[in-house]
Amino acid sequence: MKHLNEEQLIDLLFDSADDEQPELRAHLAECEPCRGRFTLIQSGLTFAQAGKMEVPQNITPIGLNYRSMARKTWTNRFLLAAAAVFIVFSILGFRVDYNREGFSMSFSVLGAVPKTQNEQVEVLQEQLVAMEKRLFDAMAVQNQMAYAQLSDRLENYEYERAVELSEFSRQIESNLHQVDRDNEIMMASYRTQIGKMLETQKVKGRIQ
Amino acid sequence: MNQLMDVELVQLAQEGKSEAFDALVKRYQNKVTQLVYRYVHDNDTALDLVQDIFFKIFRNLGRFKGECAFSTWMYRIAVNDCIDHTRRLKVRQETSLDQLAEVGFDAQDTRKEADVWASVQERIDSAMVRQALESLPNDQRSVLVLKVFEEMTFEQIASILGEPISTIKSRLYKALELLGRQFRQQQFLERFKK
Ligand SMILES: [Zn+2]
């Protein structure tokens, strides 16, 4: 009889070769090399079984039901279409919020008419703060959108997994870095501009 | 609902009956959670993956035409999700076999055991085993988790992974061979320490 092959050795280890079993055992008892290979995978099994752990009681998934999933589907679809529009809105002066439930927005620049020079400076400072806030929001939305695209794409690859996922996530990551860099540059230029405006207001205030 | 068979529940869920889908979730969520946990060894990651898996099941249920058992189809999605997860993880932190050698046995443990096999379970640091399991190629790891931890039959595993039984067996052989070598290496290191 030939030496036992990998499948036969596995059958012996898991008792899964019903008919052949006695023959295989007989060979194993007589053949030194086969016994060597068998004890090796036996050690491997013992080693693996030592790593088998009981699943902790405290992990119970929540929210796994039809309703929440139907809502999630809707949110995901809505998300991609809406995010681009909201970025434009946020630059124009709307406040954009994003959370697991979706988006919401409100108008954030409330233009109280300034009366004195001091008030004008205050208003400008407030506007600077508000603009920074909007930019941060816009940045967050952009990032969320990129991540949403990433997870959506990943889902599509489930059945067509030819594309290398690692390469793809590297690309997304570098896109995200680029978005961050762009935002920083934009922020810096806004700061300079508003700083100049504030200076001009102060100088005017002194001259009067 | 709970008395219905998978096939019936699937059909009702495909027609949009939310109770049918919820019944399927209830029937399988613990099994899937267990499988995923044994794959990733981390509570939070496991919960995230389980959410993701059931969401995929929800979204793709319409495309399921009953070409195999629902549970097989579901486990296939679960295993693929676990593999994708570990693949993404490996990009960030390449696990090496050298790391394994750094995790040794407890040097204080001076007991002399006549029967290695009987005492081995408690003596092996499970973190070390986990590292060894994580170092296996994904296809081998899947077979190992399904056979050794989930105790499925070779037929079930073959249909979940969509491979012939012979391929499954030879993958398991390779996985166990690799683990066996690592185990012996550890035993050797231990002897060397004393
Ligand atoms: Zn032989």
# chains A, B, ... in the order shown; residues from 1 in each chain; ligands from 1
$ residues_near_ligand --ligand "ligand 1" --cutoff "12 Å" --atoms "only C-alpha atoms and all ligand atoms" --output "list of chain:residue names"
A:Met1, A:Lys2, A:His3, A:Leu4, A:Asn5, A:Glu6, A:Gln8, A:Leu9, A:Glu23, A:Leu24, A:Arg25, A:Ala26, A:His27, A:Leu28, A:Ala29, A:Glu30, A:Cys31, A:Glu32, A:Pro33, A:Cys34, A:Arg35, A:Gly36, A:Arg37, A:Phe38
$ write_last_selection --atoms "C-alpha atoms" --output "PDB file, in the first residue's frame"
ATOM      1  CA  MET A   1       0.000   0.000   0.000  1.00  0.00           C
ATOM      2  CA  LYS A   2       1.147   3.519  -0.801  1.00  0.00           C
ATOM      3  CA  HIS A   3       1.786   6.028   1.980  1.00  0.00           C
ATOM      4  CA  LEU A   4      -1.305   7.805   3.235  1.00  0.00           C
ATOM      5  CA  ASN A   5      -2.125  11.095   1.553  1.00  0.00           C
ATOM      6  CA  GLU A   6      -3.155  14.324   3.251  1.00  0.00           C
ATOM      7  CA  GLN A   8      -6.571  10.147   4.364  1.00  0.00           C
ATOM      8  CA  LEU A   9      -4.586  11.410   7.327  1.00  0.00           C
ATOM      9  CA  GLU A  23      -7.166  -0.274   6.429  1.00  0.00           C
ATOM     10  CA  LEU A  24      -5.849   3.204   7.069  1.00  0.00           C
ATOM     11  CA  ARG A  25      -5.307   2.459  10.743  1.00  0.00           C
ATOM     12  CA  ALA A  26      -3.466  -0.715   9.886  1.00  0.00           C
ATOM     13  CA  HIS A  27      -1.102   1.160   7.607  1.00  0.00           C
ATOM     14  CA  LEU A  28      -0.551   3.842  10.222  1.00  0.00           C
ATOM     15  CA  ALA A  29       0.368   1.242  12.832  1.00  0.00           C
ATOM     16  CA  GLU A  30       3.090  -0.217  10.630  1.00  0.00           C
ATOM     17  CA  CYS A  31       4.442   2.798   8.794  1.00  0.00           C
ATOM     18  CA  GLU A  32       6.895   5.064  10.607  1.00  0.00           C
ATOM     19  CA  PRO A  33       6.839   8.042   8.160  1.00  0.00           C
ATOM     20  CA  CYS A  34       3.036   8.120   8.041  1.00  0.00           C
ATOM     21  CA  ARG A  35       2.863   7.987  11.818  1.00  0.00           C
ATOM     22  CA  GLY A  36       5.252  10.926  11.958  1.00  0.00           C
ATOM     23  CA  ARG A  37       2.998  13.007   9.746  1.00  0.00           C
ATOM     24  CA  PHE A  38      -0.057  11.923  11.687  1.00  0.00           C
TER      25      PHE A  38
END
$ interface_residues --of "chain A" --to "chain B" --cutoff "7 Å" --atoms "only C-alpha atoms" --output "list in words"
Glu6, Glu7, Ile10, Leu40, Ile41, Ser43, Gly44, Leu45, Phe47, Ala48, Ala50, Gly51, Lys52, Val55, Ile59, Pro61, Leu64, Asn65, Tyr66, Met69 and Ser166 of chain A
$ write_last_selection --atoms "N, CA, C and O atoms" --output "CSV table (one decimal), in the first residue's frame"
chain,number,residue,atom,x,y,z
A,6,GLU,N,-2.7,13.3,2.3
A,6,GLU,CA,-3.2,14.3,3.3
A,6,GLU,C,-4.6,14.1,3.6
A,6,GLU,O,-5.0,14.2,4.8
A,7,GLU,N,-5.5,13.8,2.6
A,7,GLU,CA,-6.9,13.6,2.9
A,7,GLU,C,-7.1,12.4,3.8
A,7,GLU,O,-7.9,12.5,4.7
A,10,ILE,N,-6.2,13.2,7.3
A,10,ILE,CA,-7.2,14.1,7.9
A,10,ILE,C,-8.5,13.2,8.3
A,10,ILE,O,-9.0,13.3,9.4
A,40,LEU,N,2.2,14.8,13.8
A,40,LEU,CA,2.4,16.2,13.6
A,40,LEU,C,1.1,17.0,13.5
A,40,LEU,O,0.9,18.0,14.2
A,41,ILE,N,0.1,16.5,12.7
A,41,ILE,CA,-1.1,17.2,12.6
A,41,ILE,C,-2.0,17.0,13.9
A,41,ILE,O,-2.8,17.9,14.2
A,43,SER,N,-0.6,17.1,16.9
A,43,SER,CA,-0.1,18.2,17.7
A,43,SER,C,-0.8,19.5,17.3
A,43,SER,O,-1.1,20.3,18.1
A,44,GLY,N,-0.9,19.7,16.0
A,44,GLY,CA,-1.5,20.9,15.4
A,44,GLY,C,-2.9,21.1,15.9
A,44,GLY,O,-3.3,22.2,16.3
A,45,LEU,N,-3.6,20.0,16.0
A,45,LEU,CA,-5.0,20.0,16.4
A,45,LEU,C,-5.1,20.3,17.9
A,45,LEU,O,-5.9,21.2,18.3
A,47,PHE,N,-2.9,22.0,19.6
A,47,PHE,CA,-2.5,23.4,19.7
A,47,PHE,C,-3.7,24.3,19.4
A,47,PHE,O,-4.0,25.2,20.1
A,48,ALA,N,-4.4,23.9,18.3
A,48,ALA,CA,-5.5,24.8,17.9
A,48,ALA,C,-6.7,24.7,18.9
A,48,ALA,O,-7.3,25.8,19.2
A,50,ALA,N,-6.5,24.4,22.0
A,50,ALA,CA,-6.2,25.2,23.1
A,50,ALA,C,-6.6,26.7,22.9
A,50,ALA,O,-6.8,27.5,23.8
A,51,GLY,N,-6.7,27.0,21.6
A,51,GLY,CA,-7.1,28.4,21.3
A,51,GLY,C,-8.6,28.6,21.2
A,51,GLY,O,-9.1,29.7,20.9
A,52,LYS,N,-9.3,27.5,21.3
A,52,LYS,CA,-10.8,27.6,21.2
A,52,LYS,C,-11.3,28.2,22.5
A,52,LYS,O,-11.1,27.7,23.5
A,55,VAL,N,-17.3,31.9,23.8
A,55,VAL,CA,-17.7,33.2,23.4
A,55,VAL,C,-18.3,33.9,24.6
A,55,VAL,O,-19.2,33.4,25.3
A,59,ILE,N,-21.4,39.5,24.6
A,59,ILE,CA,-21.6,40.1,23.3
A,59,ILE,C,-22.9,39.6,22.7
A,59,ILE,O,-23.1,38.5,22.3
A,61,PRO,N,-25.5,41.1,19.9
A,61,PRO,CA,-25.8,42.1,18.9
A,61,PRO,C,-27.2,42.8,19.1
A,61,PRO,O,-28.1,42.1,19.5
A,64,LEU,N,-30.6,44.2,15.4
A,64,LEU,CA,-30.6,43.4,14.2
A,64,LEU,C,-32.0,43.1,13.8
A,64,LEU,O,-32.5,42.0,14.1
A,65,ASN,N,-32.7,44.0,13.2
A,65,ASN,CA,-34.1,43.7,12.8
A,65,ASN,C,-34.5,44.4,11.5
A,65,ASN,O,-33.7,45.3,11.1
A,66,TYR,N,-35.6,43.9,11.0
A,66,TYR,CA,-36.0,44.4,9.7
A,66,TYR,C,-36.1,45.9,9.6
A,66,TYR,O,-35.6,46.6,8.7
A,69,MET,N,-32.8,47.9,9.7
A,69,MET,CA,-32.0,47.6,8.4
A,69,MET,C,-32.6,48.4,7.2
A,69,MET,O,-31.9,48.9,6.4
A,166,SER,N,-6.7,46.0,-0.4
A,166,SER,CA,-5.7,46.8,0.3
A,166,SER,C,-5.3,48.1,-0.5
A,166,SER,O,-5.2,49.2,0.0
$ atom_distance --atom1 "atom CA of A:Met186" --atom2 "atom CA of A:Ala140"
14.6 Å
$ residues_around --residues "stretch 61-63 of chain B" --least-positions-apart "4" --cutoff "8 Å" --atoms "only C-alpha atoms" --output "PyMOL selection string"
chain B and resi 10+14+57
$ write_last_selection --atoms "N, CA, C and O atoms" --output "PDB file, in the first residue's frame"
ATOM      1  N   VAL B  10     -37.499  32.504   4.617  1.00  0.00           N
ATOM      2  CA  VAL B  10     -36.795  33.257   3.590  1.00  0.00           C
ATOM      3  C   VAL B  10     -37.779  33.799   2.564  1.00  0.00           C
ATOM      4  O   VAL B  10     -37.743  34.973   2.199  1.00  0.00           O
ATOM      5  N   GLN B  14     -38.523  37.633   1.791  1.00  0.00           N
ATOM      6  CA  GLN B  14     -38.343  38.188   0.450  1.00  0.00           C
ATOM      7  C   GLN B  14     -39.584  38.949  -0.013  1.00  0.00           C
ATOM      8  O   GLN B  14     -39.492  39.890  -0.781  1.00  0.00           O
ATOM      9  N   ILE B  57     -26.947  40.355   4.557  1.00  0.00           N
ATOM     10  CA  ILE B  57     -27.980  39.336   4.353  1.00  0.00           C
ATOM     11  C   ILE B  57     -29.296  40.016   3.988  1.00  0.00           C
ATOM     12  O   ILE B  57     -29.979  39.623   3.042  1.00  0.00           O
TER      13      ILE B  57
END
